[in-house]
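Structure data (TSV, C-alpha atoms) from query34.tsv:
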```tsv
chain	number	residue	atom	x	y	z
D	1	MET	CA	-1.43	-3.53	-24.90
D	2	SER	CA	-1.39	0.21	-24.18
D	3	SER	CA	1.62	2.48	-24.62
D	4	PRO	CA	3.66	3.54	-21.60
D	5	ASP	CA	2.26	6.78	-20.22
D	6	LEU	CA	4.07	9.40	-18.13
D	7	ALA	CA	0.84	10.20	-16.27
D	8	SER	CA	1.09	6.78	-14.61
D	9	LEU	CA	3.92	8.23	-12.51
D	10	GLN	CA	1.32	10.35	-10.70
D	11	ARG	CA	-0.34	7.18	-9.48
D	12	VAL	CA	3.03	5.76	-8.38
D	13	TRP	CA	3.74	8.89	-6.29
D	14	ALA	CA	0.22	8.87	-4.82
D	15	TRP	CA	0.40	5.23	-3.66
D	16	LEU	CA	3.94	5.72	-2.39
D	17	LEU	CA	2.92	8.74	-0.32
D	18	ALA	CA	-0.10	6.86	1.07
D	19	GLY	CA	2.17	3.94	1.97
D	20	LEU	CA	4.66	6.23	3.70
D	21	THR	CA	1.87	7.95	5.67
D	22	VAL	CA	0.49	4.74	7.17
D	23	TYR	CA	3.99	3.37	7.73
D	24	ILE	CA	4.54	5.93	10.53
D	25	PRO	CA	1.70	4.79	12.85
D	26	ALA	CA	2.63	1.19	12.00
D	27	ASN	CA	5.92	1.73	13.80
D	28	ILE	CA	4.63	3.82	16.70
D	29	TYR	CA	1.59	1.83	17.84
D	30	PRO	CA	1.68	-1.74	19.23
D	31	MET	CA	1.55	-4.65	16.81
D	32	LEU	CA	0.95	-7.26	19.52
D	33	ARG	CA	-0.72	-7.13	22.96
D	34	THR	CA	0.40	-10.06	25.11
D	35	THR	CA	-1.26	-10.89	28.41
D	36	THR	CA	0.54	-13.38	30.66
D	37	PHE	CA	-0.83	-14.05	34.16
D	38	GLY	CA	-2.86	-10.85	34.07
D	39	ARG	CA	0.08	-8.67	33.04
D	40	THR	CA	-0.25	-6.94	29.67
D	41	THR	CA	2.68	-5.91	27.50
D	42	ASP	CA	2.58	-4.09	24.18
D	43	ASN	CA	5.01	-4.89	21.41
D	44	THR	CA	5.84	-2.69	18.46
D	45	ILE	CA	7.47	-4.06	15.30
D	46	ILE	CA	10.95	-3.14	16.50
D	47	GLY	CA	10.10	-4.40	20.00
D	48	GLY	CA	9.17	-7.80	18.56
D	49	VAL	CA	12.49	-8.03	16.74
D	50	ALA	CA	14.37	-6.98	19.90
D	51	ASP	CA	12.54	-9.71	21.86
D	52	LEU	CA	13.52	-12.41	19.37
D	53	TRP	CA	17.10	-11.15	19.42
D	54	ALA	CA	17.20	-11.12	23.23
D	55	HIS	CA	16.00	-14.75	23.30
D	56	GLY	CA	18.85	-15.75	21.01
D	57	ASP	CA	16.62	-16.46	17.99
D	58	TYR	CA	18.96	-14.52	15.72
D	59	MET	CA	17.91	-16.12	12.42
D	60	VAL	CA	14.19	-15.57	12.95
D	61	GLY	CA	14.85	-12.12	14.38
D	62	LEU	CA	16.79	-11.27	11.26
D	63	VAL	CA	14.00	-12.58	8.97
D	64	VAL	CA	11.40	-10.41	10.72
D	65	PHE	CA	13.74	-7.39	10.80
D	66	VAL	CA	14.49	-7.67	7.08
D	67	ALA	CA	10.83	-8.29	6.14
D	68	SER	CA	9.28	-5.52	8.23
D	69	VAL	CA	11.97	-2.83	8.45
D	70	VAL	CA	14.62	-3.20	5.73
D	71	VAL	CA	12.29	-4.23	2.87
D	72	PRO	CA	9.69	-1.44	3.37
D	73	LEU	CA	12.37	1.27	3.65
D	74	PHE	CA	14.26	-0.14	0.64
D	75	LYS	CA	11.00	-0.13	-1.32
D	76	PHE	CA	10.19	3.52	-0.51
D	77	VAL	CA	13.67	4.63	-1.58
D	78	VAL	CA	13.88	2.53	-4.76
D	79	ILE	CA	10.39	3.33	-6.09
D	80	ALA	CA	10.95	7.06	-5.43
D	81	TYR	CA	14.36	6.88	-7.13
D	82	LEU	CA	12.99	5.01	-10.17
D	83	SER	CA	10.12	7.48	-10.62
D	84	PHE	CA	12.58	10.36	-10.26
D	85	SER	CA	14.85	8.77	-12.86
D	86	ILE	CA	12.14	8.79	-15.55
D	87	ILE	CA	12.03	12.57	-15.69
D	88	ASN	CA	15.53	13.48	-14.50
D	89	PRO	CA	18.81	12.14	-15.86
D	90	VAL	CA	20.54	9.74	-13.45
D	91	ALA	CA	23.85	7.90	-13.50
D	92	VAL	CA	22.45	4.36	-13.22
D	93	GLY	CA	21.68	2.76	-16.59
D	94	PRO	CA	18.28	1.38	-17.57
D	95	TRP	CA	19.39	-2.22	-17.28
D	96	ARG	CA	20.46	-1.77	-13.65
D	97	ARG	CA	17.27	0.17	-12.87
D	98	GLN	CA	15.18	-2.58	-14.48
D	99	MET	CA	16.92	-5.03	-12.13
D	100	LEU	CA	16.17	-2.80	-9.11
D	101	PHE	CA	12.53	-2.70	-10.16
D	102	GLU	CA	12.34	-6.48	-10.47
D	103	ILE	CA	13.88	-6.86	-7.00
D	104	VAL	CA	11.30	-4.48	-5.49
D	105	GLU	CA	8.45	-6.24	-7.29
D	106	PHE	CA	9.66	-9.60	-6.01
D	107	ILE	CA	10.38	-8.77	-2.36
D	108	GLY	CA	7.53	-6.30	-1.73
D	109	ARG	CA	4.97	-8.97	-0.84
D	110	TRP	CA	7.24	-10.55	1.77
D	111	SER	CA	6.71	-7.64	4.16
D	112	MET	CA	3.31	-9.18	4.86
D	113	ILE	CA	5.03	-11.82	7.07
D	114	ASP	CA	4.65	-9.85	10.29
D	115	VAL	CA	0.92	-9.32	9.73
D	116	PHE	CA	0.51	-13.08	9.29
D	117	VAL	CA	2.66	-13.85	12.34
D	118	VAL	CA	0.49	-11.58	14.49
D	119	ALA	CA	-2.71	-13.25	13.23
D	120	ILE	CA	-1.31	-16.74	13.82
D	121	LEU	CA	-0.12	-15.87	17.33
D	122	ALA	CA	-3.43	-14.23	18.20
D	123	SER	CA	-5.44	-17.25	17.05
D	124	LEU	CA	-3.07	-19.79	18.58
D	125	VAL	CA	-2.16	-18.33	21.95
D	126	GLN	CA	-5.54	-18.28	23.69
D	127	LEU	CA	-4.72	-20.10	26.94
D	128	ASP	CA	-7.16	-18.21	29.14
D	129	PHE	CA	-5.31	-16.74	32.10
D	130	THR	CA	-1.87	-18.21	31.36
D	131	ALA	CA	-1.25	-16.36	28.12
D	132	SER	CA	-3.26	-14.63	25.44
D	133	ILE	CA	-2.27	-12.50	22.48
D	134	LYS	CA	-4.36	-9.85	20.71
D	135	PRO	CA	-3.46	-7.98	17.52
D	136	GLY	CA	-2.71	-4.27	17.90
D	137	ILE	CA	-3.83	-1.41	15.70
D	138	ALA	CA	-0.38	-1.14	14.08
D	139	ALA	CA	-1.06	-4.42	12.27
D	140	VAL	CA	-3.75	-2.65	10.24
D	141	SER	CA	-1.55	0.31	9.27
D	142	PHE	CA	1.36	-1.96	8.48
D	143	ALA	CA	-0.78	-4.19	6.23
D	144	LEU	CA	-2.11	-1.05	4.49
D	145	SER	CA	1.42	0.23	4.03
D	146	VAL	CA	2.48	-3.04	2.35
D	147	VAL	CA	-0.61	-3.00	0.10
D	148	PHE	CA	-0.08	0.67	-0.88
D	149	THR	CA	3.59	0.19	-1.77
D	150	MET	CA	2.71	-2.94	-3.76
D	151	LEU	CA	0.17	-0.84	-5.68
D	152	ALA	CA	2.87	1.80	-6.21
D	153	ALA	CA	5.19	-0.85	-7.67
D	154	LEU	CA	2.37	-2.21	-9.86
D	155	ALA	CA	1.50	1.30	-11.08
D	156	PHE	CA	5.10	1.82	-12.12
D	157	ASP	CA	5.44	0.92	-15.80
D	158	SER	CA	8.93	-0.53	-16.25
D	159	ARG	CA	8.73	0.21	-19.97
D	160	LEU	CA	9.17	3.92	-19.10
D	161	LEU	CA	12.75	3.11	-18.08
D	162	TRP	CA	13.52	2.26	-21.70
D	163	MET	CA	11.68	5.10	-23.44
D	164	ASN	CA	14.78	7.13	-24.31
D	165	VAL	CA	17.00	4.17	-24.97
D	166	GLY	CA	17.68	3.92	-28.68
D	167	GLY	CA	19.38	0.99	-30.30
D	168	GLN	CA	17.63	-1.28	-32.70
D	169	GLU	CA	14.08	-0.25	-33.53
D	170	VAL	CA	13.04	-3.81	-34.27
D	171	GLY	CA	15.34	-6.43	-32.79
D	172	ASP	CA	15.40	-10.18	-32.93
D	173	GLU	CA	14.23	-12.43	-30.15
D	174	THR	CA	17.37	-14.19	-28.99
F	1	MET	CA	11.81	14.75	-23.05
F	2	THR	CA	11.65	13.17	-26.49
F	3	ARG	CA	9.15	10.54	-27.38
F	4	PRO	CA	10.35	7.58	-29.43
F	5	THR	CA	9.60	8.15	-33.09
F	6	PRO	CA	7.06	5.78	-34.57
F	7	ILE	CA	8.71	3.33	-36.89
F	8	GLN	CA	7.28	2.31	-40.21
F	9	PHE	CA	6.68	-1.29	-41.05
F	10	ASP	CA	4.54	-3.28	-43.39
F	11	PRO	CA	1.18	-4.09	-41.72
F	12	ALA	CA	1.58	-7.61	-43.07
F	13	GLU	CA	4.62	-7.91	-40.82
F	14	LEU	CA	2.54	-7.08	-37.71
F	15	ASP	CA	1.73	-10.69	-36.88
F	16	SER	CA	5.40	-11.57	-36.73
F	17	LEU	CA	6.26	-8.81	-34.22
F	18	LEU	CA	6.35	-9.15	-30.42
F	19	ALA	CA	6.63	-6.34	-27.88
F	20	CYS	CA	8.73	-7.18	-24.85
F	21	PRO	CA	6.34	-6.96	-21.85
F	22	SER	CA	9.14	-5.65	-19.67
F	23	CYS	CA	10.90	-2.94	-21.75
F	24	ASP	CA	8.62	-2.54	-24.80
F	25	ALA	CA	11.33	-3.33	-27.35
F	26	LEU	CA	9.79	-4.46	-30.63
F	27	LEU	CA	11.05	-7.89	-31.56
F	28	ARG	CA	10.79	-10.15	-34.57
F	29	ASP	CA	9.15	-13.35	-33.47
F	30	ARG	CA	10.94	-16.62	-34.20
F	31	GLU	CA	10.25	-20.31	-33.68
F	32	VAL	CA	11.44	-21.29	-30.22
F	33	THR	CA	12.15	-25.01	-29.92
F	34	LEU	CA	11.12	-27.11	-26.92
F	35	GLY	CA	13.32	-26.74	-23.87
F	36	GLU	CA	14.84	-23.49	-25.13
F	37	VAL	CA	14.51	-20.05	-23.47
F	38	SER	CA	14.18	-16.99	-25.72
F	39	ARG	CA	15.11	-13.62	-24.27
F	40	CYS	CA	14.67	-9.96	-25.10
F	41	PRO	CA	18.05	-8.73	-26.42
F	42	ARG	CA	17.70	-5.37	-24.66
F	43	CYS	CA	16.58	-6.18	-21.09
F	44	HIS	CA	17.09	-9.98	-21.03
F	45	HIS	CA	13.49	-10.63	-20.00
F	46	ALA	CA	12.61	-14.31	-20.61
F	47	MET	CA	10.09	-14.15	-23.46
F	48	GLU	CA	9.27	-17.76	-24.25
F	49	THR	CA	10.09	-21.01	-22.49
F	50	PRO	CA	8.20	-23.76	-24.32
F	51	ARG	CA	8.24	-27.14	-22.56
F	52	SER	CA	6.72	-30.40	-23.71
F	53	LEU	CA	3.25	-31.01	-22.21
F	54	ALA	CA	3.54	-27.70	-20.34
F	55	MET	CA	-0.21	-27.00	-20.56
F	56	THR	CA	-1.11	-30.42	-19.11
F	57	ARG	CA	1.49	-30.09	-16.40
F	58	ILE	CA	0.41	-26.59	-15.32
F	59	MET	CA	-3.24	-27.66	-15.27
F	60	MET	CA	-2.48	-30.73	-13.13
F	61	LEU	CA	-0.41	-28.62	-10.73
F	62	ALA	CA	-3.19	-26.02	-10.48
F	63	MET	CA	-5.70	-28.78	-9.65
F	64	ALA	CA	-3.38	-30.24	-7.01
F	65	ALA	CA	-2.92	-26.75	-5.55
F	66	LEU	CA	-6.67	-26.18	-5.39
F	67	ILE	CA	-7.18	-29.42	-3.43
F	68	LEU	CA	-4.32	-28.47	-1.10
F	69	VAL	CA	-5.94	-25.08	-0.42
F	70	PHE	CA	-9.03	-26.85	0.92
F	71	ALA	CA	-6.92	-29.21	3.06
F	72	ALA	CA	-4.89	-26.30	4.39
F	73	VAL	CA	-8.01	-24.36	5.34
F	74	TYR	CA	-9.87	-27.06	7.25
F	75	PHE	CA	-7.18	-28.85	9.26
F	76	PRO	CA	-5.28	-27.26	12.16
F	77	PHE	CA	-1.70	-26.24	11.31
F	78	LEU	CA	-0.30	-25.62	14.78
F	79	ARG	CA	-1.18	-26.84	18.25
F	80	ILE	CA	0.25	-25.72	21.57
F	81	ASP	CA	0.16	-27.20	25.07
F	82	ALA	CA	1.10	-25.29	28.19
F	83	GLU	CA	0.21	-25.64	31.87
F	84	GLY	CA	-2.54	-28.13	31.12
F	85	PHE	CA	-4.19	-25.90	28.54
F	86	SER	CA	-4.07	-26.67	24.89
F	87	SER	CA	-5.10	-24.74	21.82
F	88	SER	CA	-4.84	-25.37	18.10
F	89	SER	CA	-5.16	-23.06	15.17
F	90	THR	CA	-6.66	-23.43	11.71
F	91	VAL	CA	-6.34	-20.97	8.85
F	92	ILE	CA	-9.97	-19.93	9.42
F	93	GLU	CA	-9.25	-19.11	13.07
F	94	THR	CA	-6.17	-17.15	12.01
F	95	ILE	CA	-8.27	-15.08	9.64
F	96	LEU	CA	-10.84	-14.46	12.37
F	97	ALA	CA	-8.11	-13.33	14.80
F	98	TYR	CA	-8.46	-9.85	13.34
F	99	SER	CA	-12.24	-9.79	13.55
F	100	GLY	CA	-12.18	-7.37	16.52
F	101	SER	CA	-13.81	-4.00	16.02
F	102	ARG	CA	-10.68	-2.02	15.13
F	103	THR	CA	-8.92	-4.66	13.06
F	104	GLY	CA	-11.91	-6.27	11.37
F	105	PHE	CA	-10.93	-5.11	7.93
F	106	LEU	CA	-7.76	-7.18	8.17
F	107	SER	CA	-9.87	-10.35	8.42
F	108	PHE	CA	-11.17	-9.78	4.92
F	109	THR	CA	-7.71	-8.91	3.61
F	110	LEU	CA	-6.19	-12.04	5.14
F	111	ALA	CA	-8.98	-14.28	3.85
F	112	ALA	CA	-8.42	-12.85	0.37
F	113	LEU	CA	-4.62	-13.09	0.42
F	114	ILE	CA	-4.33	-16.60	1.82
F	115	VAL	CA	-7.46	-18.39	0.55
F	116	PHE	CA	-9.61	-16.66	-2.04
F	117	ILE	CA	-7.05	-15.06	-4.35
F	118	PRO	CA	-4.86	-18.18	-4.62
F	119	ALA	CA	-7.98	-20.32	-5.18
F	120	ALA	CA	-9.37	-17.90	-7.79
F	121	ARG	CA	-6.03	-17.95	-9.58
F	122	PHE	CA	-5.94	-21.74	-9.71
F	123	ILE	CA	-9.55	-21.91	-10.96
F	124	ALA	CA	-8.80	-19.33	-13.67
F	125	LEU	CA	-5.73	-21.26	-14.83
F	126	ILE	CA	-7.64	-24.55	-14.94
F	127	TYR	CA	-10.38	-22.82	-16.95
F	128	VAL	CA	-7.87	-21.41	-19.46
F	129	LEU	CA	-5.47	-24.33	-19.75
F	130	GLY	CA	-7.90	-27.26	-19.36
F	131	PRO	CA	-9.22	-27.06	-22.94
F	132	MET	CA	-5.66	-26.35	-24.20
F	133	ALA	CA	-4.29	-29.46	-22.50
F	134	ILE	CA	-6.71	-31.78	-24.30
F	135	GLY	CA	-6.41	-29.96	-27.61
F	136	TRP	CA	-9.78	-28.17	-27.68
F	137	HIS	CA	-10.64	-24.62	-28.67
F	138	PRO	CA	-10.20	-22.09	-25.85
F	139	ALA	CA	-13.24	-21.62	-23.57
F	140	PRO	CA	-15.19	-18.35	-23.90
F	141	TYR	CA	-13.36	-15.41	-22.28
F	142	ALA	CA	-10.27	-17.57	-21.77
F	143	GLY	CA	-8.11	-14.52	-22.57
F	144	THR	CA	-9.85	-12.42	-19.91
F	145	ALA	CA	-9.50	-15.22	-17.36
F	146	PHE	CA	-5.78	-15.57	-18.12
F	147	ARG	CA	-5.26	-11.81	-17.80
F	148	ILE	CA	-7.07	-11.83	-14.42
F	149	ALA	CA	-4.86	-14.73	-13.25
F	150	GLY	CA	-1.86	-12.55	-14.12
F	151	TYR	CA	-3.20	-9.55	-12.17
F	152	LEU	CA	-3.85	-11.76	-9.13
F	153	ARG	CA	-0.37	-13.25	-9.05
F	154	PRO	CA	1.34	-10.75	-6.70
F	155	TRP	CA	-1.63	-10.91	-4.31
F	156	ALA	CA	-1.60	-14.68	-3.77
F	157	MET	CA	0.43	-14.94	-0.57
F	158	ALA	CA	0.16	-18.57	0.56
F	159	GLU	CA	3.95	-19.00	0.50
F	160	ILE	CA	4.46	-15.92	2.65
F	161	PHE	CA	1.91	-17.26	5.12
F	162	ILE	CA	3.92	-20.48	5.53
F	163	VAL	CA	7.05	-18.49	6.47
F	164	GLY	CA	4.83	-16.60	8.92
F	165	VAL	CA	3.81	-19.93	10.46
F	166	ALA	CA	7.49	-20.83	10.87
F	167	VAL	CA	8.23	-17.51	12.59
F	168	ALA	CA	5.21	-17.91	14.90
F	169	LEU	CA	6.38	-21.43	15.73
F	170	VAL	CA	9.75	-20.12	16.94
F	171	LYS	CA	8.11	-17.28	18.88
F	172	VAL	CA	5.76	-19.62	20.74
F	173	ALA	CA	8.30	-22.43	21.23
F	174	GLY	CA	9.69	-20.70	24.33
F	175	LEU	CA	6.22	-20.24	25.79
F	176	ALA	CA	4.65	-23.64	25.24
F	177	HIS	CA	5.04	-27.04	23.62
F	178	VAL	CA	4.26	-26.71	19.90
F	179	THR	CA	3.28	-29.43	17.43
F	180	VAL	CA	2.56	-28.95	13.73
F	181	GLY	CA	-0.73	-30.24	12.32
F	182	PRO	CA	-1.68	-31.75	8.94
F	183	ALA	CA	-2.53	-28.36	7.42
F	184	PHE	CA	1.07	-27.26	7.95
F	185	TRP	CA	2.27	-29.97	5.54
F	186	ALA	CA	-0.58	-29.19	3.14
F	187	LEU	CA	0.63	-25.57	3.07
F	188	VAL	CA	4.24	-26.63	2.49
F	189	ALA	CA	3.13	-28.86	-0.40
F	190	LEU	CA	1.01	-26.01	-1.75
F	191	VAL	CA	4.01	-23.67	-1.82
F	192	ILE	CA	6.18	-26.23	-3.66
F	193	VAL	CA	3.42	-26.95	-6.20
F	194	THR	CA	2.86	-23.21	-6.79
F	195	ILE	CA	6.56	-22.60	-7.42
F	196	PHE	CA	6.71	-25.52	-9.92
F	197	LYS	CA	3.60	-24.21	-11.65
F	198	ASP	CA	4.82	-20.62	-11.96
F	199	THR	CA	8.25	-21.57	-13.25
F	200	SER	CA	6.89	-23.89	-15.94
F	201	MET	CA	4.47	-21.30	-17.28
F	202	SER	CA	5.43	-18.84	-20.01
F	203	ARG	CA	2.85	-16.14	-20.71
F	204	VAL	CA	3.83	-15.61	-24.35
F	205	THR	CA	3.56	-19.34	-25.05
F	206	VAL	CA	0.08	-19.50	-23.50
F	207	TRP	CA	-1.09	-16.44	-25.48
F	208	LYS	CA	0.26	-17.93	-28.70
F	209	THR	CA	-1.53	-21.22	-28.09
F	210	LEU	CA	-4.76	-19.38	-27.22
F	211	ASN	CA	-4.53	-17.41	-30.48
F	212	ALA	CA	-3.64	-20.42	-32.60
F	213	ARG	CA	-6.59	-22.47	-31.33
F	214	LYS	CA	-9.17	-19.69	-31.48
F	215	ILE	CA	-12.32	-20.41	-33.55
F	216	SER	CA	-12.28	-17.64	-36.12
```

Would you mind writing the file's structure down as structure tokens?
Amino acid sequence: MSSPDLASLQRVWAWLLAGLTVYIPANIYPMLRTTTFGRTTDNTIIGGVADLWAHGDYMVGLVVFVASVVVPLFKFVVIAYLSFSIINPVAVGPWRRQMLFEIVEFIGRWSMIDVFVVAILASLVQLDFTASIKPGIAAVSFALSVVFTMLAALAFDSRLLWMNVGGQEVGDET
Amino acid sequence: MTRPTPIQFDPAELDSLLACPSCDALLRDREVTLGEVSRCPRCHHAMETPRSLAMTRIMMLAMAALILVFAAVYFPFLRIDAEGFSSSSTVIETILAYSGSRTGFLSFTLAALIVFIPAARFIALIYVLGPMAIGWHPAPYAGTAFRIAGYLRPWAMAEIFIVGVAVALVKVAGLAHVTVGPAFWALVALVIVTIFKDTSMSRVTVWKTLNARKIS
């Protein structure tokens, strides 16, 4: 087991920045390209959520919205805040920050849902002229964004949060 | 910023010390009885959760999961009918959906996330825990295999895929008649088995058993 190292924060920032960079095209370009009866429509991430909402599928719409909009943004903010908090004093205690980190680690992977949904739809809906669905280029940037932020979270060493916390030097397992 | 000062302790005491994997607090190891959960006093990370026959149970679950992966890959999981056309989808077809020129790289990623990484993880766990379950010495490089299984954990996304299937089902339901295939249920079973397996496994306990049974 190696000791926690401040230099690892550099890697966290690098992955986070990479994730943020590809997150922009992921929201601008189409995620899905649907052709029904010869008419083609492009759907972005937000467009897909709006569609579900308009059809009255509120629960599913909410799941997709949380997984592909709320979770990625939450992750960017929390990882940046946690890395900032290692070097600069902040109000939130290490225990709370540890909890934030565990939340980010746990939910980060779930953003992949939309990439899977697009792949499933594209493989399933191939009804010749009636309807066909093709994945858009945004699916690639979105998948990359999820992978990069997951790498940022993995590069973050949670033990750094506790480096300046004193207390018992050797405690007892309870 | 101040670095923590190194503390002095008797090297003989080293074997009885544990570092918390989550916050790095140095802890005195103690006997944890079956069914109990021991926690780090500083960050409340669950350190040890010994359960009776845990090794055997985890290995059986990993084997079940591996079989389910194969079932989930080969059978169709969704089928749609509309206007006289019908189409069904298997996991392999889903992976190949991205094989177009601009999105081809996603095919590899998907194949890895849904099939190969989960399968590799199950194989690694069977390799590590199999000999433990029947009371043998650990297999060569069992420690390395267990470490790799740990690294792979966040990247095994079978359970996320199943939620994706559910979302796709709702999206298509308005467009066509949808029926779920056998692979859908294989995937659901796989997710349940994986959750059982991960909750009954305690890393510290496995490492301790590996160390205790090592041929020295």

Residues of chain F were defined as contacting chain D if any atom lay at most 6 Å from it, counting all atoms listed in the file; please report them as a CSV table (one decimal) with C-alpha atoms, keeping the file's coordinate frame.
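The result, written out as iface.csv:
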```
chain,number,residue,atom,x,y,z
F,22,SER,CA,9.1,-5.6,-19.7
F,23,CYS,CA,10.9,-2.9,-21.8
F,24,ASP,CA,8.6,-2.5,-24.8
F,26,LEU,CA,9.8,-4.5,-30.6
F,27,LEU,CA,11.0,-7.9,-31.6
F,28,ARG,CA,10.8,-10.2,-34.6
F,38,SER,CA,14.2,-17.0,-25.7
F,39,ARG,CA,15.1,-13.6,-24.3
F,40,CYS,CA,14.7,-10.0,-25.1
F,88,SER,CA,-4.8,-25.4,18.1
F,89,SER,CA,-5.2,-23.1,15.2
F,93,GLU,CA,-9.2,-19.1,13.1
F,94,THR,CA,-6.2,-17.2,12.0
F,97,ALA,CA,-8.1,-13.3,14.8
F,164,GLY,CA,4.8,-16.6,8.9
F,168,ALA,CA,5.2,-17.9,14.9
```

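Across the structure, atom CA of Ala142 of chain F and atom CA of Tyr127 of chain F are spaced 7.1 Å apart.
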
Handout entry: 10 Å contact set for Asn27 of chain D, only C-alpha atoms, chain neighbours under 2 positions out, as a PyMOL selection string
Key = chain D and resi 22-25+29-31+44-47+68-69+138-139+141-142

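One finds atom CA of Thr149 of chain D at 6.3 Å from atom CA of Trp15 of chain D.
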
Problem - atom CA of Thr21 of chain D to atom CA of Phe148 of chain D, straight-line distance in Å - result: 10.0 Å

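Among the candidate residues D:Val146, D:Ala50, D:Val12, D:Leu100, the one lying nearest to Pro72 of chain D is D:Val146, with distances computed using all atoms listed in the file.
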
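Comparing D:Ala7, D:Ile28, D:Ala54, D:Val104 by their smallest distance to Ala80 of chain D, the closest is D:Val104 (using all atoms listed in the file).
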
Handout entry: Long-range neighbours of Ala155 of chain D as a PyMOL selection string, 8 Å cut-off, only C-alpha atoms, 5 positions minimum in chain
Key = chain D and resi 8-9+11-12

Exercise for the section: For Tyr151 of chain F, list every protein, DNA or RNA residue within 12 Å, evaluated using all atoms listed in the file, and leave out those in the same chain fewer than 4 positions away; present the list as a list in words. Expected result: Leu151, Leu154 and Ala155 of chain D; Ile117, Pro118, Ala120, Arg121, Ala124, Thr144, Ala145, Phe146, Arg147, Trp155 and Ala156 of chain F

Exercise for the section: Please provide the set of residues having any atom within 7 Å of Asp42 of chain D, restricted to all atoms listed in the file, with same-chain residues fewer than 5 positions apart removed, written as a PyMOL selection string. Expected result: chain D and resi 30+32-34

How would the residues just picked look written out with C-alpha atoms as a PDB file, in the frame of the given file?
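For reference, selection24.pdb as written:
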```
ATOM      1  CA  PRO D  30       1.680  -1.740  19.230  1.00  0.00           C
ATOM      2  CA  LEU D  32       0.950  -7.260  19.520  1.00  0.00           C
ATOM      3  CA  ARG D  33      -0.720  -7.130  22.960  1.00  0.00           C
ATOM      4  CA  THR D  34       0.400 -10.060  25.110  1.00  0.00           C
TER       5      THR D  34
END
```
